[in-house]
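The file my_file02.cif contains mmCIF, C-alpha atoms:
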```cif
data_upload
loop_
_atom_site.label_atom_id
_atom_site.label_comp_id
_atom_site.auth_asym_id
_atom_site.auth_seq_id
_atom_site.Cartn_x
_atom_site.Cartn_y
_atom_site.Cartn_z
CA MET A 223 202.29 157.54 149.00
CA GLU A 224 203.40 154.38 150.86
CA ASN A 225 200.51 152.49 149.29
CA ARG A 226 201.63 153.45 145.76
CA HIS A 227 205.18 152.35 146.53
CA PHE A 228 203.90 148.98 147.77
CA GLU A 229 201.69 148.62 144.68
CA TYR A 230 204.62 149.43 142.40
CA LYS A 231 206.89 146.89 144.17
CA PHE A 232 204.13 144.30 144.02
CA LYS A 233 203.65 144.79 140.25
CA GLU A 234 207.41 144.71 139.73
CA ALA A 235 207.70 141.42 141.66
CA LEU A 236 204.75 139.94 139.78
CA LYS A 237 206.32 140.87 136.43
CA LYS A 238 209.60 139.22 137.45
CA LEU A 239 207.75 136.05 138.45
CA ASN A 240 205.85 136.01 135.15
CA ASP A 241 209.12 136.51 133.24
CA ILE A 242 210.75 133.62 135.13
CA GLU A 243 207.73 131.40 134.48
CA LEU A 244 207.81 132.24 130.77
CA ALA A 245 211.55 131.50 130.52
CA LEU A 246 211.16 128.21 132.40
CA ASN A 247 208.19 127.10 130.30
CA GLU A 248 210.03 127.91 127.07
CA SER A 249 213.18 126.03 128.04
CA SER A 250 212.15 123.09 130.23
CA ILE A 251 209.57 120.41 130.89
CA VAL A 252 207.77 121.35 134.12
CA ALA A 253 205.39 119.50 136.42
CA ILE A 254 204.13 120.39 139.88
CA THR A 255 202.75 117.76 142.25
CA ASP A 256 201.23 117.85 145.69
CA SER A 257 202.98 116.28 148.69
CA ARG A 258 201.69 112.81 147.73
CA GLY A 259 203.00 113.08 144.17
CA PHE A 260 199.73 113.78 142.35
CA ILE A 261 200.16 116.09 139.38
CA ASN A 262 198.37 119.44 139.62
CA HIS A 263 200.25 121.36 136.90
CA VAL A 264 202.12 120.48 133.70
CA ASN A 265 203.39 122.83 131.03
CA ASP A 266 203.01 122.41 127.27
CA LYS A 267 206.47 120.86 126.90
CA PHE A 268 205.49 118.09 129.34
CA CYS A 269 202.41 117.31 127.26
CA GLU A 270 204.46 117.43 124.05
CA ILE A 271 207.13 114.97 125.20
CA SER A 272 204.78 112.59 127.04
CA LYS A 273 202.15 112.75 124.26
CA TYR A 274 199.43 113.00 126.92
CA GLU A 275 196.81 115.74 126.96
CA ARG A 276 196.92 117.99 130.03
CA HIS A 277 193.59 116.64 131.35
CA GLU A 278 194.97 113.07 131.15
CA LEU A 279 197.90 113.99 133.40
CA LEU A 280 196.24 116.19 136.02
CA GLY A 281 195.32 114.19 139.12
CA GLN A 282 197.63 111.30 138.13
CA ASP A 283 200.98 110.50 139.67
CA HIS A 284 204.18 110.05 137.66
CA ARG A 285 203.60 106.30 137.36
CA ILE A 286 201.56 107.20 134.28
CA ILE A 287 204.90 107.74 132.46
CA ASN A 288 206.93 105.03 134.24
CA SER A 289 209.00 103.06 131.73
CA LYS A 290 209.83 100.24 134.19
CA HIS A 291 213.50 100.88 133.34
CA HIS A 292 214.43 101.92 136.89
CA SER A 293 214.24 99.69 139.95
CA SER A 294 211.85 100.27 142.81
CA LEU A 295 214.94 101.08 144.92
CA PHE A 296 215.75 103.94 142.51
CA PHE A 297 212.34 105.53 143.16
CA LYS A 298 212.45 104.73 146.88
CA GLU A 299 215.72 106.67 147.19
CA LEU A 300 214.33 109.52 145.04
CA TRP A 301 211.26 109.84 147.29
CA SER A 302 213.34 109.53 150.45
CA THR A 303 215.49 112.46 149.27
CA ILE A 304 212.65 114.81 148.35
CA ARG A 305 210.48 113.89 151.33
CA SER A 306 213.38 114.90 153.56
CA GLY A 307 213.25 118.35 151.95
CA LYS A 308 216.34 117.92 149.79
CA VAL A 309 216.63 118.54 146.06
CA TRP A 310 217.02 115.41 143.89
CA HIS A 311 218.84 115.40 140.56
CA GLY A 312 219.22 112.53 138.11
CA GLU A 313 218.33 111.00 134.77
CA ILE A 314 215.04 109.19 134.23
CA LYS A 315 213.79 107.09 131.34
CA ASN A 316 210.05 107.60 130.81
CA LYS A 317 207.43 106.10 128.53
CA ALA A 318 205.14 108.29 126.42
CA LYS A 319 201.49 107.55 125.77
CA ASP A 320 202.30 106.09 122.33
CA GLY A 321 204.76 103.59 123.87
CA SER A 322 207.93 105.42 122.84
CA TYR A 323 210.64 106.06 125.39
CA TYR A 324 212.40 109.29 126.26
CA TRP A 325 215.12 110.32 128.70
CA VAL A 326 215.01 113.43 130.87
CA ASP A 327 217.62 115.09 133.04
CA THR A 328 215.50 115.86 136.11
CA THR A 329 215.69 118.15 139.10
CA ILE A 330 212.95 117.85 141.73
CA VAL A 331 212.66 120.71 144.18
CA PRO A 332 210.52 120.28 147.31
CA PHE A 333 208.64 123.37 148.49
CA LEU A 334 208.54 123.35 152.29
CA ASP A 335 205.89 124.64 154.68
CA GLU A 336 206.63 126.52 157.90
CA ARG A 337 207.37 123.21 159.68
CA GLY A 338 209.92 122.23 157.02
CA LYS A 339 207.69 119.57 155.48
CA PRO A 340 207.19 119.39 151.68
CA TYR A 341 203.76 120.54 150.54
CA GLN A 342 204.52 120.30 146.82
CA TYR A 343 207.28 119.30 144.42
CA VAL A 344 208.38 121.06 141.26
CA SER A 345 210.14 118.91 138.71
CA ILE A 346 212.17 120.60 136.02
CA ARG A 347 213.29 118.34 133.19
CA ASN A 348 215.27 118.59 130.01
CA ASP A 349 215.04 116.12 127.15
CA ILE A 350 218.30 114.15 126.80
CA THR A 351 216.99 111.36 124.57
CA LYS A 352 219.37 112.14 121.69
CA ARG A 353 222.37 112.30 124.03
CA LYS A 354 221.48 108.91 125.53
CA ALA A 355 221.15 107.43 122.01
CA TYR A 356 224.63 108.74 121.13
CA GLU A 357 226.04 107.27 124.35
CA GLU A 358 224.50 103.90 123.47
CA LYS A 359 225.95 104.07 119.95
CA ILE A 360 229.42 104.86 121.32
CA LYS A 361 229.15 101.99 123.81
CA GLN A 362 228.13 99.66 120.99
CA MET A 363 231.09 100.78 118.90
CA ALA A 364 233.50 100.37 121.83
CA TYR A 365 232.43 96.92 123.01
CA TYR A 366 231.14 95.05 119.96
CA ASP A 367 232.65 93.94 116.68
CA PRO A 368 231.09 95.94 113.82
CA LEU A 369 230.90 92.93 111.45
CA THR A 370 229.66 90.16 113.73
CA ASN A 371 228.06 92.29 116.46
CA LEU A 372 229.69 89.95 118.98
CA PRO A 373 231.32 91.26 122.16
CA ASN A 374 234.98 92.16 121.71
CA ARG A 375 238.05 91.92 123.96
CA TYR A 376 237.25 95.23 125.71
CA TRP A 377 233.80 93.95 126.63
CA LEU A 378 235.29 90.70 127.95
CA ASN A 379 237.85 92.60 130.04
CA LYS A 380 235.13 94.82 131.49
CA GLN A 381 232.95 91.82 132.41
CA LEU A 382 235.90 89.96 133.96
CA LYS A 383 236.85 92.96 136.06
CA LYS A 384 233.25 93.26 137.25
CA LEU A 385 233.17 89.56 138.19
CA LEU A 386 236.55 89.73 139.92
CA LEU A 387 235.32 92.60 142.08
CA ASN A 388 232.35 90.46 143.13
CA ARG A 389 234.31 87.40 144.29
CA GLU A 390 231.23 85.56 145.54
CA SER A 391 229.67 85.55 142.08
CA PRO A 392 228.78 82.09 140.70
CA GLU A 393 229.56 83.44 137.23
CA LEU A 394 233.17 84.03 138.31
CA LEU A 395 233.54 80.35 139.21
CA ALA A 396 232.05 79.32 135.87
CA ILE A 397 234.45 81.56 133.94
CA LEU A 398 237.48 80.41 135.93
CA PHE A 399 236.47 76.78 135.31
CA TRP A 400 236.04 77.51 131.59
CA ILE A 401 239.50 79.16 131.42
CA TRP A 402 241.06 76.27 133.36
CA THR A 403 239.53 73.66 131.04
CA ALA A 404 240.56 75.63 127.95
CA LEU A 405 244.16 75.83 129.16
CA ASN A 406 244.28 72.11 130.02
CA GLN A 407 243.11 70.72 126.70
#
```
Could I get this file's structure written as structure tokens?
Amino acid sequence: MENRHFEYKFKEALKKLNDIELALNESSIVAITDSRGFINHVNDKFCEISKYERHELLGQDHRIINSKHHSSLFFKELWSTIRSGKVWHGEIKNKAKDGSYYWVDTTIVPFLDERGKPYQYVSIRNDITKRKAYEEKIKQMAYYDPLTNLPNRYWLNKQLKKLLLNRESPELLAILFWIWTALNQ
């Protein structure tokens, strides 16, 4: 009797896990790596967005899709976070096999062993490429003249504020000199 109850609970738990896996695979881009970052599982959505075949990704690390958009410090901080056993969340620009770029909202969850050390990482991503394109379009409309495509007053104000905050910037001295000469002509 106890054995049947255990078997029933086991099947019930297995069904729940399969349902969760199905829901995740239908809604998100998923990859699983070992503790060193080598890919040992990707779902169909990962292959679809990266334009790589599954066999081309397995055994590789995520550098295969690196767009070179982010600094090495960005990835150093990402790895520092997940190696410490903490979840990392952020936006990453990747490069597909065909050379096109795509943006993903990413959550990386470290799975920890009994000593609290990560033995694998699960990354769950969602495609935000269209949203990033809209953001870029809005930024273009806000900071550039639509006829000449030259920076407008808002762009200039933003750049000046940035330079003023960084008082040791050589660009700040150049701009102040330019303003001084323009006023004294």
Minimum-distance residue to Ser257 of chain A, chosen among A:Lys339, A:His277, A:Lys359, A:Lys319 (using only C-alpha atoms):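 Smallest distance to Ser257 of chain A is found for A:Lys339.
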Would you write out, as a Markdown table, a table of all residues in segment 317-404 of chain A that have an atom no more than 10 Å from an atom of segment 291-305 of chain A, listing for each the closest atom pair and the distance in Å to one decimal, considering all atoms listed in the file and ordering rows by chain and rising residue number?
```
| residue | atom | partner | partner_atom | distance |
| --- | --- | --- | --- | --- |
| A:Lys317 | CA | A:His291 | CA | 9.3 |
| A:Tyr323 | CA | A:His291 | CA | 9.9 |
| A:Ile330 | CA | A:Ile304 | CA | 7.3 |
| A:Val331 | CA | A:Ile304 | CA | 7.2 |
| A:Pro332 | CA | A:Ile304 | CA | 6.0 |
| A:Phe333 | CA | A:Ile304 | CA | 9.5 |
| A:Leu334 | CA | A:Arg305 | CA | 9.7 |
| A:Lys339 | CA | A:Arg305 | CA | 7.6 |
| A:Pro340 | CA | A:Arg305 | CA | 6.4 |
| A:Tyr341 | CA | A:Arg305 | CA | 9.5 |
| A:Gln342 | CA | A:Arg305 | CA | 9.8 |
| A:Tyr343 | CA | A:Ile304 | CA | 8.0 |
```
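Coordinates place atom CA of Ile254 of chain A at a distance of 15.3 Å from atom CA of Gly307 of chain A.
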Contact residues around segment 270-273 of chain A with all atoms listed in the file at 9 Å, ignoring same-chain residues under 3 positions, as a PyMOL selection string: chain A and resi 251+265-267+287+316-320+322-324+349
Same residues, C-alpha atoms, saved as a PDB file, keeping the file's coordinate frame:
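Listed below is the output, out_28.pdb:
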```pdb
ATOM      1  CA  ILE A 251     209.570 120.410 130.890  1.00  0.00           C
ATOM      2  CA  ASN A 265     203.390 122.830 131.030  1.00  0.00           C
ATOM      3  CA  ASP A 266     203.010 122.410 127.270  1.00  0.00           C
ATOM      4  CA  LYS A 267     206.470 120.860 126.900  1.00  0.00           C
ATOM      5  CA  ILE A 287     204.900 107.740 132.460  1.00  0.00           C
ATOM      6  CA  ASN A 316     210.050 107.600 130.810  1.00  0.00           C
ATOM      7  CA  LYS A 317     207.430 106.100 128.530  1.00  0.00           C
ATOM      8  CA  ALA A 318     205.140 108.290 126.420  1.00  0.00           C
ATOM      9  CA  LYS A 319     201.490 107.550 125.770  1.00  0.00           C
ATOM     10  CA  ASP A 320     202.300 106.090 122.330  1.00  0.00           C
ATOM     11  CA  SER A 322     207.930 105.420 122.840  1.00  0.00           C
ATOM     12  CA  TYR A 323     210.640 106.060 125.390  1.00  0.00           C
ATOM     13  CA  TYR A 324     212.400 109.290 126.260  1.00  0.00           C
ATOM     14  CA  ASP A 349     215.040 116.120 127.150  1.00  0.00           C
TER      15      ASP A 349
END
```
For Phe260 of chain A, the nearest of the candidates A:Lys384, A:Lys290, A:Lys308, A:Arg285, counting only C-alpha atoms: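 Comparing A:Lys384, A:Lys290, A:Lys308, A:Arg285 against Phe260 of chain A, the winner is A:Arg285.
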Atom-to-atom span, atom CA of Arg276 of chain A and atom CA of Ile261 of chain A, Å: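 Here the two named atoms are 10.1 Å from each other.
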Expected selection from the PyMOL selection byres ((chain A and resi 282) around 12), given as a ChimeraX atom specification: /A:253-256,258-264,274,276-281,283-288
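Between atom CA of Arg353 of chain A and atom CA of Leu244 of chain A there is a distance of 25.6 Å.
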Resolved residues for the PyMOL selection byres ((chain A and resi 348) around 6) as number ranges by chain: A: 250, 326-327, 347, 349
Using all atoms of segment 229-240 of chain A listed in the file and a margin of 4 Å per side, can you give the axis-aligned box centre and edge lengths in Å to one decimal, as JSON?
```
{"center_x": 205.6, "center_y": 142.7, "center_z": 139.9, "size_x": 15.9, "size_y": 21.4, "size_z": 17.5}
```
